[in-house]
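Chemist: Next comes structure_21.txt, compact mmCIF, N, CA and C atoms:
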```txt
# COMPACT_ATOMS: atom_id res chain seq x y z
N MET A 1 -2.57 7.95 -3.66
CA MET A 1 -1.56 8.96 -3.80
C MET A 1 -0.44 8.75 -2.78
N LYS A 2 -0.83 8.33 -1.55
CA LYS A 2 0.18 8.10 -0.52
C LYS A 2 1.10 6.95 -0.93
N MET A 3 0.52 5.92 -1.57
CA MET A 3 1.32 4.78 -2.00
C MET A 3 2.31 5.22 -3.08
N PHE A 4 1.87 6.12 -3.97
CA PHE A 4 2.75 6.64 -5.01
C PHE A 4 3.90 7.44 -4.40
N MET A 5 3.57 8.27 -3.40
CA MET A 5 4.61 9.06 -2.75
C MET A 5 5.61 8.15 -2.03
N LEU A 6 5.11 7.08 -1.40
CA LEU A 6 5.99 6.13 -0.73
C LEU A 6 6.91 5.46 -1.75
N ALA A 7 6.37 5.08 -2.90
CA ALA A 7 7.17 4.45 -3.94
C ALA A 7 8.26 5.41 -4.44
N CYS A 8 7.93 6.69 -4.58
CA CYS A 8 8.92 7.68 -5.01
C CYS A 8 10.02 7.84 -3.96
N LEU A 9 9.63 7.86 -2.69
CA LEU A 9 10.60 7.99 -1.62
C LEU A 9 11.55 6.79 -1.58
N VAL A 10 11.01 5.61 -1.78
CA VAL A 10 11.85 4.40 -1.81
C VAL A 10 12.81 4.46 -3.00
N ALA A 11 12.33 4.94 -4.13
CA ALA A 11 13.19 5.04 -5.32
C ALA A 11 14.33 6.02 -5.09
N VAL A 12 14.06 7.13 -4.44
CA VAL A 12 15.11 8.11 -4.14
C VAL A 12 16.13 7.52 -3.18
N ALA A 13 15.64 6.81 -2.16
CA ALA A 13 16.56 6.19 -1.19
C ALA A 13 17.42 5.13 -1.86
N ALA A 14 16.85 4.37 -2.77
CA ALA A 14 17.61 3.33 -3.47
C ALA A 14 18.66 3.93 -4.41
N ALA A 15 18.41 5.15 -4.88
CA ALA A 15 19.34 5.79 -5.80
C ALA A 15 20.49 6.50 -5.07
N ALA A 16 20.46 6.49 -3.74
CA ALA A 16 21.52 7.15 -2.97
C ALA A 16 22.86 6.46 -3.22
N PRO A 17 23.96 7.19 -3.05
CA PRO A 17 25.29 6.58 -3.26
C PRO A 17 25.48 5.36 -2.37
N GLN A 18 26.13 4.34 -2.92
CA GLN A 18 26.35 3.10 -2.19
C GLN A 18 27.70 3.08 -1.48
N GLN A 19 28.38 4.23 -1.43
CA GLN A 19 29.66 4.32 -0.74
C GLN A 19 29.66 5.54 0.17
N VAL A 20 30.44 5.46 1.25
CA VAL A 20 30.58 6.58 2.17
C VAL A 20 32.03 7.07 2.06
N PHE A 21 32.19 8.37 1.87
CA PHE A 21 33.52 8.96 1.68
C PHE A 21 33.91 9.80 2.88
N ASP A 22 35.23 9.88 3.15
CA ASP A 22 35.70 10.79 4.19
C ASP A 22 35.92 12.18 3.57
N GLU A 23 36.44 13.12 4.37
CA GLU A 23 36.60 14.49 3.87
C GLU A 23 37.64 14.62 2.77
N PHE A 24 38.47 13.56 2.55
CA PHE A 24 39.49 13.60 1.51
C PHE A 24 39.06 12.87 0.23
N GLY A 25 37.85 12.33 0.26
CA GLY A 25 37.33 11.63 -0.91
C GLY A 25 37.66 10.15 -0.95
N ASN A 26 38.23 9.62 0.13
CA ASN A 26 38.55 8.19 0.19
C ASN A 26 37.31 7.40 0.61
N VAL A 27 37.17 6.21 0.05
CA VAL A 27 36.04 5.35 0.41
C VAL A 27 36.27 4.81 1.81
N VAL A 28 35.33 5.09 2.71
CA VAL A 28 35.43 4.63 4.09
C VAL A 28 34.65 3.33 4.26
N VAL A 29 33.44 3.32 3.77
CA VAL A 29 32.58 2.14 3.88
C VAL A 29 31.99 1.87 2.51
N GLU A 30 32.14 0.66 2.05
CA GLU A 30 31.51 0.28 0.79
C GLU A 30 30.32 -0.59 1.14
N GLN A 31 29.14 -0.09 0.86
CA GLN A 31 27.92 -0.80 1.22
C GLN A 31 27.60 -1.85 0.17
N PHE A 32 26.74 -2.78 0.56
CA PHE A 32 26.33 -3.83 -0.38
C PHE A 32 25.55 -3.21 -1.53
N SER A 33 25.59 -3.85 -2.65
CA SER A 33 24.80 -3.37 -3.77
C SER A 33 23.58 -4.27 -3.93
N LEU A 34 22.48 -3.66 -4.23
CA LEU A 34 21.23 -4.39 -4.40
C LEU A 34 21.20 -5.06 -5.77
N PRO A 35 20.57 -6.21 -5.86
CA PRO A 35 20.47 -6.86 -7.17
C PRO A 35 19.60 -6.03 -8.12
N LYS A 36 19.88 -6.15 -9.39
CA LYS A 36 19.08 -5.45 -10.39
C LYS A 36 17.71 -6.12 -10.48
N ILE A 37 16.68 -5.31 -10.42
CA ILE A 37 15.31 -5.82 -10.51
C ILE A 37 14.68 -5.20 -11.74
N ARG A 38 14.14 -6.04 -12.60
CA ARG A 38 13.53 -5.55 -13.84
C ARG A 38 12.02 -5.45 -13.69
N LEU A 39 11.48 -4.46 -14.33
CA LEU A 39 10.05 -4.24 -14.38
C LEU A 39 9.49 -5.07 -15.52
N ILE A 40 8.57 -5.97 -15.21
CA ILE A 40 7.96 -6.81 -16.24
C ILE A 40 6.80 -6.08 -16.91
N SER A 41 5.95 -5.46 -16.09
CA SER A 41 4.82 -4.72 -16.65
C SER A 41 4.40 -3.62 -15.68
N GLN A 42 3.77 -2.60 -16.23
CA GLN A 42 3.20 -1.54 -15.42
C GLN A 42 2.07 -0.87 -16.19
N ARG A 43 1.12 -0.34 -15.44
CA ARG A 43 0.04 0.39 -16.08
C ARG A 43 -0.51 1.42 -15.11
N PHE A 44 -1.05 2.49 -15.65
CA PHE A 44 -1.71 3.52 -14.87
C PHE A 44 -2.75 4.16 -15.77
N VAL A 45 -3.99 4.12 -15.33
CA VAL A 45 -5.10 4.71 -16.08
C VAL A 45 -5.88 5.58 -15.11
N GLN A 46 -6.18 6.81 -15.55
CA GLN A 46 -6.94 7.73 -14.71
C GLN A 46 -7.96 8.45 -15.57
N ASP A 47 -9.16 8.60 -15.02
CA ASP A 47 -10.15 9.38 -15.75
C ASP A 47 -10.18 10.80 -15.18
N GLY A 48 -11.02 11.63 -15.70
CA GLY A 48 -11.07 13.03 -15.28
C GLY A 48 -11.83 13.26 -13.98
N ARG A 49 -12.36 12.20 -13.39
CA ARG A 49 -13.17 12.34 -12.18
C ARG A 49 -12.44 11.86 -10.92
N GLY A 50 -11.15 11.51 -11.04
CA GLY A 50 -10.39 11.07 -9.88
C GLY A 50 -10.32 9.58 -9.69
N ASN A 51 -10.93 8.81 -10.57
CA ASN A 51 -10.85 7.35 -10.50
C ASN A 51 -9.58 6.89 -11.20
N TYR A 52 -8.99 5.81 -10.71
CA TYR A 52 -7.76 5.34 -11.33
C TYR A 52 -7.58 3.85 -11.12
N GLU A 53 -6.70 3.29 -11.92
CA GLU A 53 -6.26 1.90 -11.78
C GLU A 53 -4.77 1.88 -12.07
N TYR A 54 -4.02 1.18 -11.23
CA TYR A 54 -2.60 1.06 -11.52
C TYR A 54 -2.09 -0.28 -11.02
N GLY A 55 -0.96 -0.66 -11.54
CA GLY A 55 -0.33 -1.89 -11.11
C GLY A 55 1.02 -2.05 -11.76
N TYR A 56 1.82 -2.93 -11.19
CA TYR A 56 3.11 -3.27 -11.79
C TYR A 56 3.52 -4.65 -11.31
N GLU A 57 4.45 -5.24 -12.05
CA GLU A 57 5.00 -6.53 -11.68
C GLU A 57 6.50 -6.49 -11.97
N GLN A 58 7.29 -7.04 -11.04
CA GLN A 58 8.73 -7.07 -11.20
C GLN A 58 9.21 -8.52 -11.26
N ASP A 59 10.41 -8.72 -11.78
CA ASP A 59 10.92 -10.08 -11.94
C ASP A 59 11.34 -10.73 -10.63
N ASN A 60 11.30 -10.01 -9.52
CA ASN A 60 11.63 -10.59 -8.22
C ASN A 60 10.40 -11.13 -7.48
N GLY A 61 9.23 -11.14 -8.15
CA GLY A 61 8.01 -11.66 -7.56
C GLY A 61 7.12 -10.61 -6.94
N GLN A 62 7.55 -9.37 -6.93
CA GLN A 62 6.72 -8.31 -6.37
C GLN A 62 5.67 -7.90 -7.38
N LYS A 63 4.43 -7.77 -6.89
CA LYS A 63 3.31 -7.40 -7.76
C LYS A 63 2.35 -6.52 -6.97
N VAL A 64 1.84 -5.47 -7.61
CA VAL A 64 0.91 -4.54 -6.97
C VAL A 64 -0.23 -4.25 -7.93
N GLU A 65 -1.45 -4.26 -7.42
CA GLU A 65 -2.64 -3.88 -8.18
C GLU A 65 -3.49 -3.00 -7.28
N GLU A 66 -4.03 -1.90 -7.82
CA GLU A 66 -4.92 -1.05 -7.02
C GLU A 66 -5.92 -0.34 -7.92
N VAL A 67 -7.15 -0.22 -7.41
CA VAL A 67 -8.22 0.51 -8.08
C VAL A 67 -8.73 1.54 -7.09
N GLY A 68 -8.77 2.79 -7.49
CA GLY A 68 -9.27 3.86 -6.63
C GLY A 68 -10.51 4.48 -7.24
N ARG A 69 -11.52 4.68 -6.42
CA ARG A 69 -12.77 5.29 -6.88
C ARG A 69 -13.05 6.53 -6.06
N SER A 70 -13.36 7.62 -6.75
CA SER A 70 -13.62 8.91 -6.12
C SER A 70 -15.12 9.11 -5.96
N PHE A 71 -15.51 9.61 -4.79
CA PHE A 71 -16.91 9.92 -4.52
C PHE A 71 -16.99 11.38 -4.12
N PRO A 72 -17.36 12.26 -5.07
CA PRO A 72 -17.38 13.70 -4.78
C PRO A 72 -18.39 14.03 -3.69
N GLY A 73 -18.06 15.04 -2.89
CA GLY A 73 -18.96 15.52 -1.86
C GLY A 73 -19.87 16.62 -2.38
N PRO A 74 -20.70 17.17 -1.50
CA PRO A 74 -21.65 18.20 -1.91
C PRO A 74 -20.99 19.54 -2.25
N GLU A 75 -19.77 19.75 -1.73
CA GLU A 75 -19.06 21.00 -2.00
C GLU A 75 -17.68 20.69 -2.57
N PRO A 76 -17.10 21.63 -3.31
CA PRO A 76 -15.75 21.41 -3.84
C PRO A 76 -14.76 21.11 -2.70
N GLY A 77 -13.86 20.18 -2.95
CA GLY A 77 -12.87 19.83 -1.94
C GLY A 77 -13.36 18.84 -0.90
N THR A 78 -14.60 18.38 -1.04
CA THR A 78 -15.12 17.39 -0.10
C THR A 78 -15.37 16.09 -0.85
N GLY A 79 -15.62 15.06 -0.12
CA GLY A 79 -15.87 13.75 -0.71
C GLY A 79 -14.93 12.72 -0.13
N SER A 80 -14.85 11.59 -0.78
CA SER A 80 -13.97 10.53 -0.28
C SER A 80 -13.48 9.69 -1.45
N ILE A 81 -12.58 8.80 -1.14
CA ILE A 81 -12.05 7.88 -2.14
C ILE A 81 -11.95 6.50 -1.49
N SER A 82 -12.23 5.48 -2.26
CA SER A 82 -12.04 4.12 -1.78
C SER A 82 -11.00 3.45 -2.65
N LYS A 83 -10.24 2.55 -2.04
CA LYS A 83 -9.18 1.84 -2.76
C LYS A 83 -9.32 0.36 -2.47
N ASP A 84 -9.25 -0.43 -3.53
CA ASP A 84 -9.22 -1.88 -3.41
C ASP A 84 -7.97 -2.33 -4.15
N GLY A 85 -7.24 -3.23 -3.52
CA GLY A 85 -6.02 -3.67 -4.18
C GLY A 85 -5.38 -4.85 -3.51
N SER A 86 -4.20 -5.16 -4.00
CA SER A 86 -3.42 -6.26 -3.44
C SER A 86 -1.95 -6.02 -3.74
N PHE A 87 -1.11 -6.66 -2.93
CA PHE A 87 0.31 -6.68 -3.24
C PHE A 87 0.88 -8.03 -2.85
N GLU A 88 1.88 -8.46 -3.61
CA GLU A 88 2.54 -9.74 -3.39
C GLU A 88 4.03 -9.50 -3.34
N PHE A 89 4.71 -10.32 -2.53
CA PHE A 89 6.16 -10.27 -2.47
C PHE A 89 6.68 -11.61 -1.99
N ILE A 90 7.96 -11.83 -2.22
CA ILE A 90 8.62 -13.04 -1.78
C ILE A 90 9.60 -12.66 -0.68
N SER A 91 9.49 -13.33 0.45
CA SER A 91 10.35 -13.03 1.60
C SER A 91 11.77 -13.51 1.34
N PRO A 92 12.73 -13.05 2.16
CA PRO A 92 14.11 -13.54 2.02
C PRO A 92 14.22 -15.06 2.19
N GLU A 93 13.25 -15.67 2.89
CA GLU A 93 13.25 -17.12 3.06
C GLU A 93 12.62 -17.84 1.86
N GLY A 94 12.14 -17.09 0.87
CA GLY A 94 11.56 -17.68 -0.32
C GLY A 94 10.07 -17.94 -0.23
N LEU A 95 9.41 -17.45 0.81
CA LEU A 95 7.96 -17.63 0.95
C LEU A 95 7.22 -16.51 0.24
N LYS A 96 6.13 -16.87 -0.43
CA LYS A 96 5.33 -15.87 -1.15
C LYS A 96 4.20 -15.39 -0.24
N PHE A 97 4.06 -14.07 -0.15
CA PHE A 97 3.02 -13.47 0.66
C PHE A 97 2.13 -12.60 -0.23
N ARG A 98 0.85 -12.59 0.09
CA ARG A 98 -0.12 -11.76 -0.64
C ARG A 98 -1.04 -11.10 0.38
N VAL A 99 -1.28 -9.82 0.17
CA VAL A 99 -2.21 -9.07 1.00
C VAL A 99 -3.23 -8.42 0.08
N ASP A 100 -4.50 -8.71 0.32
CA ASP A 100 -5.60 -8.03 -0.35
C ASP A 100 -6.11 -6.98 0.62
N TYR A 101 -6.51 -5.82 0.13
CA TYR A 101 -6.95 -4.78 1.05
C TYR A 101 -8.05 -3.92 0.46
N GLN A 102 -8.75 -3.27 1.38
CA GLN A 102 -9.72 -2.25 1.04
C GLN A 102 -9.43 -1.08 1.97
N ALA A 103 -9.42 0.11 1.42
CA ALA A 103 -9.20 1.31 2.23
C ALA A 103 -10.26 2.33 1.85
N ASP A 104 -10.98 2.79 2.85
CA ASP A 104 -12.03 3.79 2.63
C ASP A 104 -12.24 4.56 3.92
N GLU A 105 -13.40 5.18 4.06
CA GLU A 105 -13.67 5.96 5.26
C GLU A 105 -13.65 5.08 6.52
N GLY A 106 -13.83 3.79 6.36
CA GLY A 106 -13.81 2.87 7.49
C GLY A 106 -12.41 2.42 7.87
N GLY A 107 -11.38 2.90 7.16
CA GLY A 107 -10.00 2.55 7.49
C GLY A 107 -9.39 1.59 6.49
N PHE A 108 -8.21 1.11 6.83
CA PHE A 108 -7.45 0.17 6.01
C PHE A 108 -7.75 -1.24 6.51
N LYS A 109 -8.25 -2.10 5.60
CA LYS A 109 -8.66 -3.45 5.99
C LYS A 109 -7.89 -4.49 5.17
N PRO A 110 -6.75 -4.93 5.70
CA PRO A 110 -5.96 -5.94 4.98
C PRO A 110 -6.43 -7.35 5.30
N VAL A 111 -6.28 -8.26 4.32
CA VAL A 111 -6.61 -9.67 4.50
C VAL A 111 -5.47 -10.47 3.87
N GLY A 112 -4.97 -11.45 4.60
CA GLY A 112 -3.92 -12.32 4.08
C GLY A 112 -3.83 -13.56 4.93
N ASP A 113 -3.42 -14.67 4.32
CA ASP A 113 -3.31 -15.92 5.06
C ASP A 113 -2.33 -15.82 6.22
N HIS A 114 -1.33 -14.96 6.11
CA HIS A 114 -0.31 -14.83 7.15
C HIS A 114 -0.65 -13.79 8.21
N LEU A 115 -1.75 -13.04 8.02
CA LEU A 115 -2.14 -12.00 8.97
C LEU A 115 -3.05 -12.56 10.05
N PRO A 116 -2.98 -12.02 11.26
CA PRO A 116 -3.86 -12.51 12.32
C PRO A 116 -5.32 -12.15 12.03
N VAL A 117 -6.22 -12.96 12.54
CA VAL A 117 -7.65 -12.74 12.37
C VAL A 117 -8.13 -11.90 13.56
N PRO A 118 -8.92 -10.85 13.32
CA PRO A 118 -9.38 -10.03 14.44
C PRO A 118 -10.31 -10.83 15.35
N PRO A 119 -10.37 -10.45 16.61
CA PRO A 119 -11.27 -11.16 17.53
C PRO A 119 -12.73 -10.91 17.18
N THR A 120 -13.59 -11.77 17.68
CA THR A 120 -15.02 -11.57 17.46
C THR A 120 -15.47 -10.31 18.17
N GLN A 121 -16.60 -9.77 17.74
CA GLN A 121 -17.11 -8.52 18.29
C GLN A 121 -17.55 -8.68 19.74
N LEU A 122 -17.23 -7.69 20.55
CA LEU A 122 -17.67 -7.69 21.94
C LEU A 122 -19.16 -7.35 22.00
N PRO A 123 -19.93 -8.01 22.85
CA PRO A 123 -21.37 -7.70 22.94
C PRO A 123 -21.64 -6.24 23.32
N GLU A 124 -20.79 -5.66 24.16
CA GLU A 124 -20.98 -4.26 24.57
C GLU A 124 -20.84 -3.32 23.37
N TYR A 125 -19.94 -3.64 22.47
CA TYR A 125 -19.73 -2.82 21.29
C TYR A 125 -20.94 -2.90 20.37
N ALA A 126 -21.47 -4.11 20.18
CA ALA A 126 -22.65 -4.28 19.34
C ALA A 126 -23.84 -3.51 19.92
N GLN A 127 -23.96 -3.50 21.25
CA GLN A 127 -25.04 -2.76 21.90
C GLN A 127 -24.86 -1.25 21.69
N LEU A 128 -23.62 -0.77 21.83
CA LEU A 128 -23.33 0.65 21.60
C LEU A 128 -23.64 1.03 20.17
N ARG A 129 -23.29 0.16 19.23
CA ARG A 129 -23.56 0.43 17.81
C ARG A 129 -25.07 0.51 17.55
N ALA A 130 -25.84 -0.36 18.18
CA ALA A 130 -27.30 -0.36 17.99
C ALA A 130 -27.94 0.88 18.60
N GLN A 131 -27.42 1.33 19.73
CA GLN A 131 -28.00 2.48 20.43
C GLN A 131 -27.57 3.82 19.82
N ASN A 132 -26.38 3.86 19.19
CA ASN A 132 -25.85 5.11 18.64
C ASN A 132 -25.31 4.90 17.22
N PRO A 133 -26.17 4.63 16.25
CA PRO A 133 -25.67 4.35 14.89
C PRO A 133 -24.99 5.55 14.24
N GLU A 134 -25.27 6.76 14.71
CA GLU A 134 -24.66 7.94 14.11
C GLU A 134 -23.16 8.02 14.38
N LEU A 135 -22.67 7.23 15.33
CA LEU A 135 -21.24 7.22 15.64
C LEU A 135 -20.44 6.31 14.72
N PHE A 136 -21.10 5.52 13.90
CA PHE A 136 -20.42 4.50 13.12
C PHE A 136 -20.66 4.68 11.63
N ILE A 137 -19.66 4.33 10.86
CA ILE A 137 -19.78 4.34 9.40
C ILE A 137 -20.50 3.06 9.00
N PRO A 138 -21.50 3.14 8.12
CA PRO A 138 -22.23 1.93 7.73
C PRO A 138 -21.31 0.90 7.08
N SER A 139 -21.53 -0.38 7.41
CA SER A 139 -20.76 -1.46 6.81
C SER A 139 -21.26 -1.72 5.40
N PRO A 140 -20.35 -2.11 4.50
CA PRO A 140 -20.79 -2.38 3.12
C PRO A 140 -21.64 -3.61 3.02
```
Turn the structure described in the file into structure tokens.

Modeler:
Amino acid sequence: MKMFMLACLVAVAAAAPQQVFDEFGNVVVEQFSLPKIRLISQRFVQDGRGNYEYGYEQDNGQKVEEVGRSFPGPEPGTGSISKDGSFEFISPEGLKFRVDYQADEGGFKPVGDHLPVPPTQLPEYAQLRAQNPELFIPSP
């Protein structure tokens, strides 16, 4: 849902006027215009239990895929959701980047060839995890 809201916010910002006017209606600054980007494909499927799948692809090389799964809790308004997805884009230098990710109660976990690799686990952390497992979310 947050990704959808971000996409809506970006769309509103892109639709803003591309010129700045003074109090008399004269053009003061004419901003650059963005190239037209066409939507090649899009899909959104949702069931009645909060699960969904969506994605889109644009002619500029941008592509997004996401699957969300809802896990209801014991009481109304509780539970969690997990998201698995990826996004691709082409940088201004013409390089293609792809990020695969998982987001759940354990946080946002992106993976990509261009992203840094996290350091190995500290022995003190592993010991803390073994002594106090209730402090940690189980690993998949």

Chemist: Could you put an axis-aligned box around every listed atom of region 42-55 of chain A, padded by 8 Å on each side, and send me its centre and edge lengths in Å to one decimal, as AutoDock Vina command-line options?

Modeler:
```
--center_x -4.7 --center_y 5.3 --center_z -13.0 --size_x 32.9 --size_y 31.9 --size_z 22.5
```

Chemist: Quick one: residues within 6 Å of Asp113 (chain A), only N, CA and C atoms counted, chain neighbours fewer than 2 positions away excluded, as a ChimeraX atom specification?

Modeler: /A:98,111,115

Chemist: Name the residues in contact with region 38-45 of chain A at a cut-off of 6.5 Å, using only N, CA and C atoms, excluding same-chain residues fewer than 3 positions from it; report them as a list of chain:residue names.

Modeler: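 My list of contacting residues is A:Asn51, A:Tyr52, A:Glu53, A:Tyr54, A:Gly55, A:Tyr56, A:Glu57, A:Gln58, A:Asp59, A:Asn60.
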
Chemist: Would you compute the distance between atom N of Arg69 (chain A) and atom N of Glu88 (chain A)? Give it in Å to one decimal.

Modeler: 19.0 Å

Chemist: Which of these residues is nearest to Gly50 (chain A), using only C-alpha atoms: A:Ile137, A:Ile81, A:Val64, A:Val117?

Modeler: A:Ile81

Chemist: Using Å and a single decimal, report how far CA of Gln62 (chain A) sits from CA of Lys36 (chain A).

Modeler: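 About the pair CA of Lys36 (chain A) and CA of Gln62 (chain A): they are 13.3 Å apart.
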
Chemist: What is the distance, in Å and to one decimal place, between CA of Gly94 (chain A) and CA of Val67 (chain A)?

Modeler: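 That distance, rounded to one decimal, is 28.0 Å.
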
Chemist: Determine the nearest neighbour of Glu105 (chain A) from the options A:Ser70, A:Ser91, A:Ser80, A:Gln127, counting all atoms listed in the file.

Modeler: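 Nearest candidate to Glu105 (chain A) out of A:Ser70, A:Ser91, A:Ser80, A:Gln127: A:Ser80.
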
Chemist: Point out the residue among A:Pro35, A:His114, A:Glu66, A:Gly106 with the least atom-to-atom distance to Pro138 (chain A), counting all atoms listed in the file.

Modeler: A:Gly106
